[in-house]
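K.L.:
Data: final.cif, mmCIF, C-alpha atoms.
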```cif
data_coords
#
loop_
_atom_site.label_atom_id
_atom_site.label_comp_id
_atom_site.auth_asym_id
_atom_site.auth_seq_id
_atom_site.Cartn_x
_atom_site.Cartn_y
_atom_site.Cartn_z
CA MET A 883 -42.55 17.42 10.53
CA GLU A 884 -38.92 18.09 11.39
CA LYS A 885 -38.22 19.42 7.89
CA ALA A 886 -41.22 21.75 8.04
CA VAL A 887 -40.27 23.13 11.45
CA VAL A 888 -36.63 23.61 10.50
CA THR A 889 -37.48 25.44 7.28
CA ARG A 890 -40.14 27.48 9.12
CA GLN A 891 -42.65 27.13 6.33
CA SER A 892 -45.72 27.89 8.36
CA ARG A 893 -48.35 26.43 6.06
CA ASP A 894 -46.32 23.27 5.65
CA VAL A 895 -46.07 22.96 9.44
CA GLU A 896 -49.81 23.41 9.87
CA ARG A 897 -50.56 20.88 7.15
CA ARG A 898 -48.19 18.33 8.63
CA ILE A 899 -49.60 18.79 12.13
CA ILE A 900 -53.14 18.22 10.81
CA GLU A 901 -51.92 15.11 8.99
CA PHE A 902 -50.20 13.93 12.17
CA THR A 903 -53.33 14.32 14.34
CA THR A 904 -55.43 12.59 11.66
CA GLN A 905 -53.03 9.69 11.15
CA VAL A 906 -52.18 9.22 14.83
CA PRO A 907 -55.17 10.55 16.80
CA ASP A 908 -54.02 8.96 20.06
CA SER A 909 -50.67 10.76 20.02
CA ALA A 910 -50.08 13.27 22.79
CA VAL A 911 -47.23 14.70 20.71
CA ALA A 912 -49.53 15.35 17.74
CA TRP A 913 -52.13 17.18 19.82
CA GLY A 914 -49.40 18.97 21.75
CA LEU A 915 -47.82 20.22 18.52
CA LYS A 916 -51.21 21.42 17.33
CA GLY A 917 -51.67 23.30 20.59
CA TRP A 918 -48.14 24.71 20.39
CA LYS A 919 -48.71 26.01 16.86
CA GLN A 920 -51.94 27.71 17.93
CA ALA A 921 -50.25 29.21 21.00
CA VAL A 922 -47.51 30.65 18.79
CA GLN A 923 -50.27 32.32 16.77
CA GLY A 924 -51.91 33.69 19.94
CA LEU A 925 -54.95 31.41 19.58
CA TRP A 926 -54.96 30.63 23.29
CA THR A 927 -58.44 29.10 23.63
CA GLU A 928 -57.85 26.73 20.71
CA ALA A 929 -54.37 25.92 22.02
CA LEU A 930 -55.75 25.03 25.44
CA ALA A 931 -58.31 22.65 23.94
CA ASN A 932 -55.51 20.84 22.12
CA PHE A 933 -53.20 20.72 25.14
CA GLU A 934 -56.10 19.30 27.17
CA GLN A 935 -56.71 16.73 24.43
CA ALA A 936 -53.00 15.83 24.50
CA SER A 937 -52.99 15.48 28.27
CA GLN A 938 -55.71 12.80 28.02
CA LYS A 939 -53.46 10.56 25.92
CA ALA A 940 -50.83 8.05 27.02
CA ASP A 941 -47.19 9.07 27.40
CA VAL A 942 -47.70 12.83 27.60
CA PRO A 943 -44.39 14.66 27.09
CA SER A 944 -43.47 17.10 29.85
CA TRP A 945 -43.47 20.08 27.47
CA VAL A 946 -47.18 19.56 26.80
CA SER A 947 -48.05 20.09 30.47
CA LEU A 948 -45.81 23.13 30.74
CA ASN A 949 -47.35 24.66 27.63
CA GLN A 950 -50.82 23.89 28.96
CA GLY A 951 -50.00 25.83 32.13
CA ILE A 952 -48.57 28.76 30.17
CA THR A 953 -51.65 28.81 27.96
CA GLN A 954 -53.92 28.87 31.00
CA GLU A 955 -51.92 31.81 32.31
CA HIS A 956 -52.47 33.69 29.04
CA LEU A 957 -56.19 33.02 29.41
CA GLN A 958 -55.96 34.32 33.00
CA ASN A 959 -57.15 30.96 34.29
CA TYR A 960 -54.73 31.11 37.21
CA GLN A 961 -56.36 28.34 39.25
CA GLY A 962 -56.23 26.01 36.24
CA ALA A 963 -52.59 26.89 35.63
CA ILE A 964 -51.77 26.34 39.31
CA GLN A 965 -53.38 22.89 39.19
CA THR A 966 -51.51 22.04 35.99
CA TYR A 967 -48.16 23.09 37.47
CA GLN A 968 -48.86 21.27 40.75
CA ALA A 969 -49.60 18.04 38.86
CA TYR A 970 -46.49 18.55 36.74
CA ILE A 971 -44.29 19.13 39.80
CA GLN A 972 -45.58 15.89 41.32
CA LYS A 973 -43.95 14.12 38.37
CA PHE A 974 -40.95 16.45 37.96
CA PRO A 975 -40.15 17.98 41.37
CA SER A 976 -36.79 19.34 40.23
CA ASP A 977 -38.02 21.53 37.38
CA ALA A 978 -36.98 25.06 38.35
CA PHE A 979 -39.06 26.65 35.58
CA ALA A 980 -42.28 24.96 36.74
CA LEU A 981 -41.54 25.87 40.36
CA PHE A 982 -40.94 29.47 39.25
CA ARG A 983 -44.22 29.64 37.31
CA LEU A 984 -46.16 28.04 40.18
CA GLY A 985 -44.59 30.32 42.79
CA THR A 986 -45.31 33.38 40.68
CA LEU A 987 -48.95 32.42 40.17
CA LEU A 988 -49.45 31.62 43.83
CA GLY A 989 -48.18 35.12 44.54
CA LYS A 990 -50.60 36.59 42.01
CA VAL A 991 -53.51 35.00 43.86
CA GLY A 992 -52.17 36.09 47.27
CA GLN A 993 -50.95 32.72 48.55
CA TRP A 994 -47.67 34.27 49.70
CA ALA A 995 -46.30 31.50 51.93
CA GLN A 996 -46.80 28.83 49.27
CA ALA A 997 -45.38 31.16 46.64
CA ARG A 998 -42.27 31.69 48.77
CA SER A 999 -41.75 27.96 49.20
CA HIS A 1000 -41.88 27.24 45.46
CA LEU A 1001 -39.68 30.18 44.49
CA GLU A 1002 -37.12 29.22 47.14
CA LYS A 1003 -37.02 25.71 45.67
CA ALA A 1004 -36.55 27.18 42.19
CA VAL A 1005 -33.50 29.21 43.23
CA GLN A 1006 -32.07 26.26 45.17
CA LEU A 1007 -32.25 24.18 42.01
CA LYS A 1008 -31.02 26.98 39.74
CA PRO A 1009 -29.06 29.49 41.84
CA ASP A 1010 -28.55 31.92 38.92
CA TYR A 1011 -32.29 32.16 38.12
CA ALA A 1012 -32.61 35.96 38.13
CA GLU A 1013 -36.35 36.04 37.47
CA ALA A 1014 -37.02 33.61 40.33
CA TRP A 1015 -34.91 35.71 42.72
CA HIS A 1016 -36.78 38.82 41.54
CA ASN A 1017 -40.19 37.25 42.12
CA LEU A 1018 -39.05 35.84 45.46
CA GLY A 1019 -38.21 39.41 46.49
CA TRP A 1020 -41.70 40.52 45.41
CA VAL A 1021 -43.29 37.69 47.41
CA LEU A 1022 -41.22 38.49 50.51
CA LEU A 1023 -42.27 42.15 50.18
CA ASN A 1024 -45.88 41.01 50.44
CA ILE A 1025 -45.46 38.77 53.49
CA ARG A 1026 -46.38 41.16 56.28
CA THR A 1027 -46.72 41.08 60.05
CA VAL A 1028 -50.08 41.78 61.66
CA ASP A 1029 -49.10 45.45 61.97
CA GLY A 1030 -48.25 45.69 58.26
CA GLN A 1031 -44.45 45.52 58.45
CA VAL A 1032 -42.40 43.45 56.02
CA GLU A 1033 -41.82 40.22 57.89
CA ASN A 1034 -38.61 39.11 56.14
CA PHE A 1035 -36.70 42.28 55.35
CA ARG A 1036 -33.17 40.80 55.20
CA PRO A 1037 -34.16 37.87 52.96
CA LEU A 1038 -36.09 40.37 50.80
CA LEU A 1039 -32.94 42.49 50.34
CA SER A 1040 -30.91 39.37 49.63
CA ALA A 1041 -33.36 38.15 47.00
CA TYR A 1042 -33.41 41.49 45.19
CA ARG A 1043 -29.62 41.75 45.45
CA GLN A 1044 -29.26 38.29 43.89
CA ALA A 1045 -31.74 39.15 41.16
CA SER A 1046 -29.87 42.34 40.34
CA GLU A 1047 -26.48 40.61 40.23
CA PHE A 1048 -27.73 37.78 38.03
CA TYR A 1049 -29.53 40.18 35.70
CA VAL A 1050 -26.22 41.99 35.18
CA GLN A 1051 -24.41 38.69 34.51
CA GLN A 1052 -27.13 37.70 32.05
CA TYR A 1053 -26.95 41.01 30.14
CA GLN A 1054 -30.28 42.27 31.43
CA SER A 1055 -28.87 45.45 32.93
CA GLU A 1056 -32.16 47.37 32.53
CA LEU A 1057 -33.88 45.03 34.98
CA ALA A 1058 -30.93 45.21 37.36
CA GLY A 1059 -31.03 49.00 37.14
CA ALA A 1060 -34.77 49.11 37.81
CA ILE A 1061 -34.30 47.09 40.99
CA ARG A 1062 -31.43 49.30 42.19
CA GLN A 1063 -33.37 52.45 41.34
CA ALA A 1064 -36.44 51.29 43.29
CA PHE A 1065 -34.31 50.76 46.38
CA GLU A 1066 -32.53 54.10 45.92
CA ILE A 1067 -35.88 55.89 45.74
CA ALA A 1068 -36.93 54.12 48.94
CA GLY A 1069 -33.66 55.19 50.57
CA VAL A 1070 -32.53 51.61 51.12
CA GLU A 1071 -29.07 50.37 50.19
CA LEU A 1072 -29.26 47.19 48.20
#
```
Step by step, read the file and then write its structure as structure tokens.
P.N.:
Amino acid sequence: MEKAVVTRQSRDVERRIIEFTTQVPDSAVAWGLKGWKQAVQGLWTEALANFEQASQKADVPSWVSLNQGITQEHLQNYQGAIQTYQAYIQKFPSDAFALFRLGTLLGKVGQWAQARSHLEKAVQLKPDYAEAWHNLGWVLLNIRTVDGQVENFRPLLSAYRQASEFYVQQYQSELAGAIRQAFEIAGVEL
């Protein structure tokens, strides 16, 4: 398997994955690899079936659960992805990526307070996580008072400022520029 993946011979990889699932049908790794290969090809429904199969086995590697959540996102099954990430975070509470994905999805479904909590944990664990700061700013923008005002304006500015700074440091100046431009248009100094 390693040789096939390293040489990137796609047909050889597919053949070896099929052999692996046939020879070791109780292997979470085998089913996870099959799901991963299908996800790479954009076969999201098939990938999800294999990630679900993998998750029913013993000793499920953490990457299988993460890929299952990502696959559910691609299928727009946000509640399923949220449940997958929540279960994953129960086992791995310090995974900034999983907290970021969960916080982002909770925001997508309008659960702003929970989204904030998870994104704040993500940036505490990984302070230079530009995307998490960016999404935290978006979440804070959507937490409003009863009269429709942004409830946490200073933390919102801080989150977007952090996102912009880290985007610059990480050579993603277009994203940093887009954030700065949005605030300039709104007449707000970032």
K.L.:
Taking the file as shown, find all residues satisfying the PyMOL selection byres ((chain A and resi 995-1009) around 10) and write them as a PyMOL selection string.
P.N.:
chain A and resi 975-994+1010-1022+1024-1025+1041+1044+1048
K.L.:
On this structure, the PyMOL selection byres ((chain A and resi 956) around 12) would catch which residues? List them as a PyMOL selection string, sorted by chain and number.
P.N.:
chain A and resi 921-922+924-927+929-930+949-955+957-960+962-963+987
K.L.:
Nearest residue to A:Phe1065 out of A:Leu1038, A:Val1032, A:Ala910, A:Leu915, using all atoms listed in the file?
P.N.:
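Nearest candidate to A:Phe1065 out of A:Leu1038, A:Val1032, A:Ala910, A:Leu915: A:Leu1038.
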K.L.:
Compile the contact shell of A:Asp941 as JSON, numbers by chain: residues with an atom at most 10 Å away, counting only C-alpha atoms, same-chain residues fewer than 4 positions apart removed.
P.N.:
{"A": [909, 910, 911, 936, 937]}
K.L.:
Figure out the distance between atom CA of A:Gln968 and atom CA of A:Gln938, please, to one decimal in Å.
P.N.:
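Taking atom CA of A:Gln938 as the start and atom CA of A:Gln968 as the end point, the length is 16.8 Å.
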K.L.:
May I ask for the distance between atom CA of A:Asn1034 and atom CA of A:Ile1067, given in Å to one decimal place?
P.N.:
19.9 Å
K.L.:
Which distance in Å separates atom CA of A:Glu1056 and atom CA of A:Gly1069, to one decimal?
P.N.:
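Taking atom CA of A:Glu1056 as the start and atom CA of A:Gly1069 as the end point, the length is 19.7 Å.
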K.L.:
Expanded to explicit residues, what is the PyMOL selection byres ((chain A and resi 1061) around 9) for this file, as a VMD selection string?
P.N.:
chain A and resid 1016 1042 to 1043 1045 to 1046 1056 to 1060 1062 to 1066 1072
